[in-house]
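Written below as structure tokens is the structure these notes are about.
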Amino acid sequence: MLDRRLPAPLTLTALAVVIGILVTTPLLINNNVFHHTLILIGIYAALAQAWNILGGFAGQISLGNAIFFGIGAYTSSLLLVRAQLSPWLGALAGMALAMVLALLIGYPVFRLAGHYLAIATIALAEIALVVFQNLEFVGGAAGISLPITRDMQGRPTDSWWMLQFNSSKLPYVYLALGVLGVVQVVATLLDRSWIGFFLRAIKNDQTAAAAIGVPVARYKLIALLISSACTALIGTFYAQYLLFVDPETVFGLSLSVLIALVAILGGAGSLWGPFLGAVVLIPLAEATRSQLGGRGTAFDLVIYGLLIMVIAVFQPAGLTGLPERFRPRQRTSVAPAAPADTQMEESLRS
Amino acid sequence: MDATIVQAVLSGALIGMIYALIAAGLSLIFGLMEIVNFAHGEFLMLAMFSSFWMWELWRLDPLASLPITAALMFGVGVLTNRLLVMRVLNAPALAQIFATFGLGLFLRASAQYLWTADFRAIQDPFLSRVAGGRIALGRDVFIGVPQLVAAVIAAVAFALLGLLIRRTRLGLALQAVAEDRSTAALMGIPAGRMFDLGWGIAAACVGIAGAVLASFYYIYPSVGVTFALLAYIIVALGGFGSITGALIAGIMVGLVEIVAPLLLGIPPAYKYALVFTLYLLVVLVRPQGLFGRY
């Protein structure tokens, strides 16, 4: 593939502008709905980027990433409720647990390809969902509420150590953006390192990659480990933001699908696709929910479903593929349908 | 043998037959065009609502309206293929997953918007009145008539599907397209029409399953979700594209779901966890499923 990156000074300027906007607007627009939307954008962009490392870079489609999210959310929450441990330490424990789980399931699951892999990941997350719904120790189907941090007089208070802010959403906004920044940096470093090259080689043709000496199984596992740790970290943050976790929300198939959807809408495999996808999809979903979703009519989901179909049909390459459409054609490609067709079959068979 | 075990084996095999019929449609579509229909559960839901409304509006028993439901669903399948699937046939696999997933979400949400999220049931369908609704097979072992007839109808539909694919010219054409689309086209088989037919038959299968389920199962917009999840597991367990695999895996899943918790002394709430674990264990040994070719 041709290197389509912007020249370095331009990229840096664009990056500075994006970061500048993200840092200043929450201060300028002091509005709870706006802050909430920003937090969700940060969370979903980070989740989608974590998915992208495995699904986009390495082409290993997971529809079960919620399992790591749930592990992160539950580990820190349980440690907080049962041992009064700070969520910072809980996050580390959650990430470690998620990585152990990734190690256990990674090797066997990666023997599967294509739809078999996707369905196996669904099955894994569903097992976790059923177990968490039925284990009383972790709160069962009702979930766990986190205790509110209080000061000496018993009033709700803010605490960085307990990662809880009751007076304003602003710290959560910056935390969400911070988490997103961390995941984004991790993905960028990966993308530019040899690991990124190996992952792309695996995505394009696993057999060929193995033939030229790429340790396929090991690098798939590395991608999964990084992806799972990032996802678990976001899970802890999410639990601290809502101060509540329940199995259906954190382990459910709909979360796994939404994570993948955000990345795909933006452009799977591209570095800024997940962020772009979240910026477009999350406010849209929030707006339709608040405008149309009242009284449980599900009309917002009708629109949402239609939208997904429209994207799949008209822009299957995602938003980052849009400039290609408007770029003047330089070369006329010969018989474009046939190669795309064989490529698809290859990717499914491999 | 213990009566509860016998009872469980019978119930598991009966529901397994219906699972198998649902999964057969999914497997057929995959075999034909290598696309997984993530709206399959919603097809089932539509079929159940079709039975429900024909009963509610015209007092047609689900059994009597079964041919109408199957025909309606055939149309839904063809429409889905024409309007959606053909447009993503050459798109990346991710886009294909999301096209049908979006359709499923759209259908489920539309059903909730139009008919609310309420649970409905068909009161006193014909089958529940036959022989008092259940047959005694000895002390403490009973079979529900609706469940038994549902399994028999599913078995007949399955047999017909097998005959259609293996023994008719049409089935041969379907197999040819599944084998190699472009070579089949060179032999004069219209691939597009075969895709229409495949989707139509697949949706009709799930339509029949929905119609027989409507006699004894609650009907609500998200009823298809669990069935579809099981159907994906069954298809992957049996091997994508294998109809025989779907039959055997379907019955296996039905049995594991009901018998395994009993034998292992695990609360029935964990039954799906057991099913998914079984699936993972099998694909560890055979990544292509029991009867899969690749």
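By convention here, the chains of the structure tokens are called A, B, ... in the order presented, each chain's residues are numbered starting at 1, and ligands are numbered starting at 1 in the order presented.
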> Could you pull out the strand (DSSP E or B) residues of range 149-323 of chain A from DSSP and send them as a ChimeraX atom specification?
Replying inline: /A:150,156,159,164,244-245
> Once you count only C-alpha atoms, which residues of chain A turn out to be within 8 Å of chain B? Could you give them as number ranges by chain?
Replying inline: A: 108-109, 111-112, 115-116, 119-120, 123-124, 126-128, 130-131, 134, 261, 264, 297-299, 301-310, 312-313, 316-317, 337, 340-341, 344, 347-349
Just the residues within 12 Å of Gly213 in chain A, please, counting only C-alpha atoms, with nothing from its chain fewer than 6 positions along; format it as a PDB file with all heavy atoms, in the first residue's frame.
ATOM      1  N   PHE A 198       4.182  -6.843  11.186  1.00  0.00           N
ATOM      2  CA  PHE A 198       3.872  -8.268  11.282  1.00  0.00           C
ATOM      3  C   PHE A 198       2.358  -8.491  11.309  1.00  0.00           C
ATOM      4  O   PHE A 198       1.841  -9.388  10.653  1.00  0.00           O
ATOM      5  CB  PHE A 198       4.513  -8.865  12.548  1.00  0.00           C
ATOM      6  CG  PHE A 198       5.981  -9.173  12.391  1.00  0.00           C
ATOM      7  CD1 PHE A 198       6.674  -8.729  11.271  1.00  0.00           C
ATOM      8  CD2 PHE A 198       6.654  -9.914  13.339  1.00  0.00           C
ATOM      9  CE1 PHE A 198       8.023  -9.009  11.114  1.00  0.00           C
ATOM     10  CE2 PHE A 198       8.010 -10.205  13.192  1.00  0.00           C
ATOM     11  CZ  PHE A 198       8.693  -9.749  12.089  1.00  0.00           C
ATOM     12  N   ALA A 201       0.914  -8.073   7.971  1.00  0.00           N
ATOM     13  CA  ALA A 201       1.267  -9.224   7.132  1.00  0.00           C
ATOM     14  C   ALA A 201       0.325 -10.387   7.421  1.00  0.00           C
ATOM     15  O   ALA A 201      -0.158 -11.064   6.512  1.00  0.00           O
ATOM     16  CB  ALA A 201       2.712  -9.633   7.384  1.00  0.00           C
ATOM     17  N   ILE A 202       0.039 -10.588   8.726  1.00  0.00           N
ATOM     18  CA  ILE A 202      -0.875 -11.672   9.115  1.00  0.00           C
ATOM     19  C   ILE A 202      -2.260 -11.416   8.547  1.00  0.00           C
ATOM     20  O   ILE A 202      -2.922 -12.318   8.038  1.00  0.00           O
ATOM     21  CB  ILE A 202      -0.941 -11.790  10.656  1.00  0.00           C
ATOM     22  CG1 ILE A 202       0.403 -12.280  11.200  1.00  0.00           C
ATOM     23  CG2 ILE A 202      -2.062 -12.715  11.080  1.00  0.00           C
ATOM     24  CD1 ILE A 202       0.515 -12.172  12.708  1.00  0.00           C
ATOM     25  N   GLN A 206      -2.094 -14.873   6.009  1.00  0.00           N
ATOM     26  CA  GLN A 206      -1.484 -15.531   7.152  1.00  0.00           C
ATOM     27  C   GLN A 206      -0.462 -16.581   6.721  1.00  0.00           C
ATOM     28  O   GLN A 206       0.620 -16.682   7.297  1.00  0.00           O
ATOM     29  CB  GLN A 206      -2.598 -16.183   7.982  1.00  0.00           C
ATOM     30  CG  GLN A 206      -2.104 -16.773   9.270  1.00  0.00           C
ATOM     31  CD  GLN A 206      -3.261 -17.277  10.106  1.00  0.00           C
ATOM     32  OE1 GLN A 206      -4.275 -16.608  10.227  1.00  0.00           O
ATOM     33  NE2 GLN A 206      -3.112 -18.447  10.671  1.00  0.00           N
ATOM     34  N   THR A 207      -0.812 -17.327   5.680  1.00  0.00           N
ATOM     35  CA  THR A 207       0.082 -18.394   5.225  1.00  0.00           C
ATOM     36  C   THR A 207       1.384 -17.804   4.686  1.00  0.00           C
ATOM     37  O   THR A 207       2.476 -18.280   5.007  1.00  0.00           O
ATOM     38  CB  THR A 207      -0.599 -19.227   4.129  1.00  0.00           C
ATOM     39  OG1 THR A 207      -1.972 -19.397   4.488  1.00  0.00           O
ATOM     40  CG2 THR A 207       0.052 -20.569   3.973  1.00  0.00           C
ATOM     41  N   TYR A 219       2.418 -13.356  17.450  1.00  0.00           N
ATOM     42  CA  TYR A 219       2.048 -11.953  17.234  1.00  0.00           C
ATOM     43  C   TYR A 219       0.549 -11.703  17.337  1.00  0.00           C
ATOM     44  O   TYR A 219       0.124 -10.637  17.766  1.00  0.00           O
ATOM     45  CB  TYR A 219       2.658 -11.441  15.922  1.00  0.00           C
ATOM     46  CG  TYR A 219       4.086 -11.035  16.166  1.00  0.00           C
ATOM     47  CD1 TYR A 219       5.107 -11.977  16.147  1.00  0.00           C
ATOM     48  CD2 TYR A 219       4.391  -9.742  16.546  1.00  0.00           C
ATOM     49  CE1 TYR A 219       6.406 -11.628  16.454  1.00  0.00           C
ATOM     50  CE2 TYR A 219       5.684  -9.378  16.857  1.00  0.00           C
ATOM     51  CZ  TYR A 219       6.693 -10.332  16.808  1.00  0.00           C
ATOM     52  OH  TYR A 219       7.965  -9.958  17.130  1.00  0.00           O
TER      53      TYR A 219
END
>> Here is a test: counting only C-alpha atoms, which residue of A:Leu170, A:Leu104, A:Met95, A:Ala118 is nearest to Pro26 in chain A?
In response: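 Ranked by minimum distance to Pro26 in chain A, first place goes to A:Leu170.
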> Excluding same-chain residues fewer than 2 positions from range 47-55 of chain B, what lies within 8 Å of it counting only C-alpha atoms, as a PyMOL selection string?
Replying inline: chain B and resi 43-45+57-62+65-66+69-70+73+121-122+206-208+210-211+213-214+219-220
Generate the output file for the selected residues, C-alpha atoms, as a PDB file, in the first residue's frame.
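Final output, selection_1.pdb:
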ATOM      1  CA  PHE B  43     -36.494 -13.837  10.931  1.00  0.00           C
ATOM      2  CA  LEU B  44     -37.640 -16.318  13.570  1.00  0.00           C
ATOM      3  CA  MET B  45     -39.259 -13.511  15.557  1.00  0.00           C
ATOM      4  CA  LEU B  57     -56.967 -11.310  13.811  1.00  0.00           C
ATOM      5  CA  TRP B  58     -58.501 -14.281  12.041  1.00  0.00           C
ATOM      6  CA  ARG B  59     -58.355 -17.039  14.687  1.00  0.00           C
ATOM      7  CA  LEU B  60     -56.131 -19.084  12.415  1.00  0.00           C
ATOM      8  CA  ASP B  61     -54.286 -21.716  14.415  1.00  0.00           C
ATOM      9  CA  PRO B  62     -50.470 -21.551  14.052  1.00  0.00           C
ATOM     10  CA  SER B  65     -51.257 -20.679   9.101  1.00  0.00           C
ATOM     11  CA  LEU B  66     -47.889 -22.459   8.877  1.00  0.00           C
ATOM     12  CA  THR B  69     -45.990 -17.995   7.377  1.00  0.00           C
ATOM     13  CA  ALA B  70     -43.475 -20.105   5.472  1.00  0.00           C
ATOM     14  CA  MET B  73     -40.834 -15.688   5.165  1.00  0.00           C
ATOM     15  CA  ALA B 121     -48.771 -16.087  23.815  1.00  0.00           C
ATOM     16  CA  ILE B 122     -51.322 -17.880  21.703  1.00  0.00           C
ATOM     17  CA  VAL B 206     -36.837 -20.489  10.003  1.00  0.00           C
ATOM     18  CA  GLY B 207     -40.454 -19.511   9.235  1.00  0.00           C
ATOM     19  CA  ILE B 208     -41.597 -23.093   9.813  1.00  0.00           C
ATOM     20  CA  GLY B 210     -41.199 -19.970  14.166  1.00  0.00           C
ATOM     21  CA  ALA B 211     -44.690 -21.213  13.330  1.00  0.00           C
ATOM     22  CA  LEU B 213     -42.656 -22.558  18.244  1.00  0.00           C
ATOM     23  CA  ALA B 214     -45.562 -20.106  18.330  1.00  0.00           C
ATOM     24  CA  ILE B 219     -43.677 -14.211  21.469  1.00  0.00           C
ATOM     25  CA  TYR B 220     -41.808 -10.907  21.896  1.00  0.00           C
TER      26      TYR B 220
END
> What's the 7 Å shell around Ile259 in chain A, counting only C-alpha atoms, without same-chain residues fewer than 2 positions away, as a PyMOL selection string?
Replying inline: chain A and resi 44+47-48+255-257+261-263
>> Give me, as an MDAnalysis selection string, the residues of range 22-271 of chain B that a backbone DSSP run labels helix (DSSP H, G or I).
In response: chainID B and resid 22:33 40:58 62:83 85:88 93:115 126:133 145:167 169:179 181:186 191:213 224:238 243:264 268:271
> CA of Val23 in chain A and CA of Ser228 in chain A are how many Å apart?
Replying inline: 27.1 Å
Could you pull the residues within 12 Å of Pro171 in chain A, counting only C-alpha atoms, minus those fewer than 2 positions along the same chain, as a compact mmCIF listing (two decimals) with all heavy atoms, in the first residue's frame?
# COMPACT_ATOMS: atom_id res chain seq x y z
N VAL A 23 -9.09 19.67 24.71
CA VAL A 23 -8.76 20.11 26.06
C VAL A 23 -9.54 21.37 26.44
O VAL A 23 -10.00 21.50 27.58
CB VAL A 23 -7.24 20.35 26.19
CG1 VAL A 23 -6.90 21.04 27.51
CG2 VAL A 23 -6.50 19.02 26.10
N PRO A 26 -14.22 21.48 26.79
CA PRO A 26 -14.97 21.12 28.00
C PRO A 26 -14.99 22.26 29.02
O PRO A 26 -15.93 22.37 29.81
CB PRO A 26 -14.19 19.93 28.57
CG PRO A 26 -13.36 19.44 27.47
CD PRO A 26 -13.11 20.57 26.54
N LEU A 27 -13.94 23.11 29.01
CA LEU A 27 -13.91 24.25 29.93
C LEU A 27 -14.84 25.35 29.46
O LEU A 27 -15.53 25.99 30.25
CB LEU A 27 -12.47 24.80 30.03
CG LEU A 27 -11.46 23.88 30.71
CD1 LEU A 27 -10.06 24.43 30.56
CD2 LEU A 27 -11.82 23.72 32.18
N HIS A 35 -20.59 17.31 28.42
CA HIS A 35 -19.52 16.58 29.10
C HIS A 35 -19.76 15.08 29.03
O HIS A 35 -18.85 14.31 28.76
CB HIS A 35 -19.42 17.04 30.56
CG HIS A 35 -18.77 18.38 30.69
ND1 HIS A 35 -18.67 19.05 31.88
CD2 HIS A 35 -18.21 19.18 29.77
CE1 HIS A 35 -18.06 20.20 31.70
NE2 HIS A 35 -17.79 20.32 30.41
N HIS A 36 -21.01 14.67 29.26
CA HIS A 36 -21.35 13.24 29.23
C HIS A 36 -21.04 12.67 27.84
O HIS A 36 -20.45 11.59 27.72
CB HIS A 36 -22.82 13.05 29.57
CG HIS A 36 -23.29 11.63 29.50
ND1 HIS A 36 -22.83 10.65 30.35
CD2 HIS A 36 -24.14 11.01 28.65
CE1 HIS A 36 -23.40 9.50 30.04
NE2 HIS A 36 -24.19 9.68 29.00
N LEU A 38 -18.92 13.81 25.66
CA LEU A 38 -17.46 13.74 25.47
C LEU A 38 -16.87 12.52 26.16
O LEU A 38 -16.00 11.84 25.61
CB LEU A 38 -16.81 15.00 26.05
CG LEU A 38 -16.61 16.19 25.12
CD1 LEU A 38 -15.91 17.31 25.87
CD2 LEU A 38 -15.81 15.78 23.89
N ILE A 39 -17.35 12.24 27.37
CA ILE A 39 -16.85 11.08 28.11
C ILE A 39 -17.15 9.80 27.33
O ILE A 39 -16.27 8.94 27.16
CB ILE A 39 -17.49 11.02 29.52
CG1 ILE A 39 -17.00 12.19 30.37
CG2 ILE A 39 -17.18 9.69 30.21
CD1 ILE A 39 -17.81 12.44 31.62
N ASP A 158 -15.00 14.70 46.19
CA ASP A 158 -14.16 14.27 45.07
C ASP A 158 -12.87 13.67 45.60
O ASP A 158 -12.35 14.14 46.61
CB ASP A 158 -13.81 15.47 44.18
CG ASP A 158 -15.04 16.03 43.50
OD1 ASP A 158 -16.12 15.43 43.66
OD2 ASP A 158 -14.92 17.06 42.83
N SER A 159 -12.38 12.66 44.90
CA SER A 159 -11.12 12.08 45.33
C SER A 159 -10.39 11.48 44.13
O SER A 159 -10.93 10.60 43.45
CB SER A 159 -11.38 10.99 46.38
OG SER A 159 -10.25 10.14 46.46
N TRP A 160 -9.17 11.97 43.89
CA TRP A 160 -8.40 11.39 42.80
C TRP A 160 -7.95 9.99 43.17
O TRP A 160 -7.92 9.11 42.34
CB TRP A 160 -7.18 12.27 42.46
CG TRP A 160 -7.58 13.40 41.57
CD1 TRP A 160 -7.93 14.65 41.95
CD2 TRP A 160 -7.70 13.37 40.13
NE1 TRP A 160 -8.26 15.42 40.85
CE2 TRP A 160 -8.12 14.65 39.73
CE3 TRP A 160 -7.49 12.38 39.17
CZ2 TRP A 160 -8.35 14.98 38.39
CZ3 TRP A 160 -7.70 12.69 37.84
CH2 TRP A 160 -8.13 13.99 37.46
N LEU A 163 -10.68 7.84 42.66
CA LEU A 163 -11.13 7.98 41.28
C LEU A 163 -12.64 8.22 41.19
O LEU A 163 -13.36 7.58 40.47
CB LEU A 163 -10.76 6.72 40.46
CG LEU A 163 -10.60 6.87 38.96
CD1 LEU A 163 -9.52 7.89 38.64
CD2 LEU A 163 -10.26 5.54 38.32
N GLN A 164 -13.07 9.19 42.02
CA GLN A 164 -14.50 9.44 42.06
C GLN A 164 -14.76 10.95 42.22
O GLN A 164 -14.13 11.59 43.06
CB GLN A 164 -15.13 8.68 43.22
CG GLN A 164 -16.63 8.64 43.13
CD GLN A 164 -17.24 7.91 44.30
OE1 GLN A 164 -18.02 8.46 45.04
NE2 GLN A 164 -16.89 6.64 44.45
N PHE A 165 -15.66 11.48 41.41
CA PHE A 165 -15.90 12.93 41.42
C PHE A 165 -17.39 13.17 41.45
O PHE A 165 -18.11 12.83 40.52
CB PHE A 165 -15.27 13.57 40.20
CG PHE A 165 -13.82 13.20 40.06
CD1 PHE A 165 -13.45 12.12 39.28
CD2 PHE A 165 -12.84 13.90 40.75
CE1 PHE A 165 -12.12 11.74 39.17
CE2 PHE A 165 -11.51 13.52 40.65
CZ PHE A 165 -11.14 12.44 39.86
N ASN A 166 -17.85 13.75 42.56
CA ASN A 166 -19.28 13.91 42.70
C ASN A 166 -19.76 15.35 42.45
O ASN A 166 -20.95 15.59 42.34
CB ASN A 166 -19.72 13.46 44.10
CG ASN A 166 -19.59 11.96 44.25
OD1 ASN A 166 -20.23 11.20 43.54
ND2 ASN A 166 -18.70 11.53 45.14
N SER A 167 -18.81 16.29 42.36
CA SER A 167 -19.25 17.68 42.20
C SER A 167 -19.32 18.10 40.74
O SER A 167 -20.10 18.97 40.39
CB SER A 167 -18.30 18.61 42.96
OG SER A 167 -16.99 18.48 42.44
N SER A 168 -18.54 17.48 39.87
CA SER A 168 -18.54 17.90 38.47
C SER A 168 -18.12 16.74 37.59
O SER A 168 -17.44 15.82 38.04
CB SER A 168 -17.56 19.07 38.29
OG SER A 168 -17.15 19.14 36.94
N LYS A 169 -18.54 16.77 36.34
CA LYS A 169 -18.15 15.73 35.41
C LYS A 169 -16.79 16.03 34.78
O LYS A 169 -16.23 15.19 34.09
CB LYS A 169 -19.19 15.59 34.29
CG LYS A 169 -20.44 14.83 34.67
CD LYS A 169 -21.31 14.64 33.43
CE LYS A 169 -22.70 14.18 33.75
NZ LYS A 169 -22.77 12.81 34.22
N VAL A 173 -14.19 13.91 32.24
CA VAL A 173 -13.93 14.24 30.83
C VAL A 173 -12.44 14.09 30.54
O VAL A 173 -12.04 13.41 29.59
CB VAL A 173 -14.38 15.68 30.51
CG1 VAL A 173 -13.97 16.05 29.08
CG2 VAL A 173 -15.88 15.83 30.68
N TYR A 174 -11.61 14.69 31.42
CA TYR A 174 -10.18 14.65 31.16
C TYR A 174 -9.62 13.25 31.36
O TYR A 174 -8.68 12.84 30.66
CB TYR A 174 -9.45 15.69 32.02
CG TYR A 174 -9.73 17.08 31.50
CD1 TYR A 174 -10.40 18.02 32.26
CD2 TYR A 174 -9.36 17.42 30.20
CE1 TYR A 174 -10.68 19.28 31.76
CE2 TYR A 174 -9.65 18.68 29.68
CZ TYR A 174 -10.31 19.60 30.46
OH TYR A 174 -10.59 20.82 29.94
N LEU A 175 -10.19 12.51 32.31
CA LEU A 175 -9.75 11.12 32.47
C LEU A 175 -10.07 10.30 31.24
O LEU A 175 -9.23 9.52 30.76
CB LEU A 175 -10.43 10.51 33.70
CG LEU A 175 -9.72 10.75 35.02
CD1 LEU A 175 -10.63 10.36 36.18
CD2 LEU A 175 -8.42 9.96 35.09
N ALA A 176 -11.29 10.50 30.70
CA ALA A 176 -11.68 9.75 29.50
C ALA A 176 -10.74 10.09 28.35
O ALA A 176 -10.26 9.21 27.63
CB ALA A 176 -13.12 10.05 29.12
N LEU A 177 -10.47 11.39 28.19
CA LEU A 177 -9.58 11.80 27.11
C LEU A 177 -8.16 11.28 27.37
O LEU A 177 -7.46 10.90 26.42
CB LEU A 177 -9.57 13.32 26.99
CG LEU A 177 -10.91 13.93 26.55
CD1 LEU A 177 -10.83 15.46 26.52
CD2 LEU A 177 -11.34 13.41 25.18
N GLY A 178 -7.77 11.24 28.65
CA GLY A 178 -6.45 10.71 28.99
C GLY A 178 -6.33 9.24 28.64
O GLY A 178 -5.35 8.81 28.03
N PHE A 237 -12.44 2.40 34.33
CA PHE A 237 -12.83 3.80 34.26
C PHE A 237 -14.35 3.94 34.11
O PHE A 237 -14.99 4.76 34.78
CB PHE A 237 -12.13 4.49 33.09
CG PHE A 237 -12.63 5.88 32.87
CD1 PHE A 237 -12.30 6.89 33.75
CD2 PHE A 237 -13.49 6.16 31.82
CE1 PHE A 237 -12.79 8.17 33.58
CE2 PHE A 237 -14.00 7.43 31.65
CZ PHE A 237 -13.64 8.44 32.53
N GLN A 240 -16.10 3.36 37.33
CA GLN A 240 -15.94 4.50 38.24
C GLN A 240 -16.81 5.68 37.82
O GLN A 240 -17.23 6.48 38.64
CB GLN A 240 -14.47 4.93 38.28
CG GLN A 240 -13.58 3.98 39.03
CD GLN A 240 -14.03 3.80 40.47
OE1 GLN A 240 -14.28 2.68 40.90
NE2 GLN A 240 -14.19 4.89 41.21
N TYR A 241 -17.05 5.79 36.52
CA TYR A 241 -17.89 6.89 36.03
C TYR A 241 -19.36 6.65 36.38
O TYR A 241 -20.04 7.52 36.91
CB TYR A 241 -17.71 7.06 34.52
CG TYR A 241 -18.62 8.11 33.93
CD1 TYR A 241 -18.67 9.41 34.47
CD2 TYR A 241 -19.43 7.83 32.84
CE1 TYR A 241 -19.51 10.37 33.94
CE2 TYR A 241 -20.25 8.79 32.30
CZ TYR A 241 -20.30 10.06 32.86
OH TYR A 241 -21.14 11.01 32.34
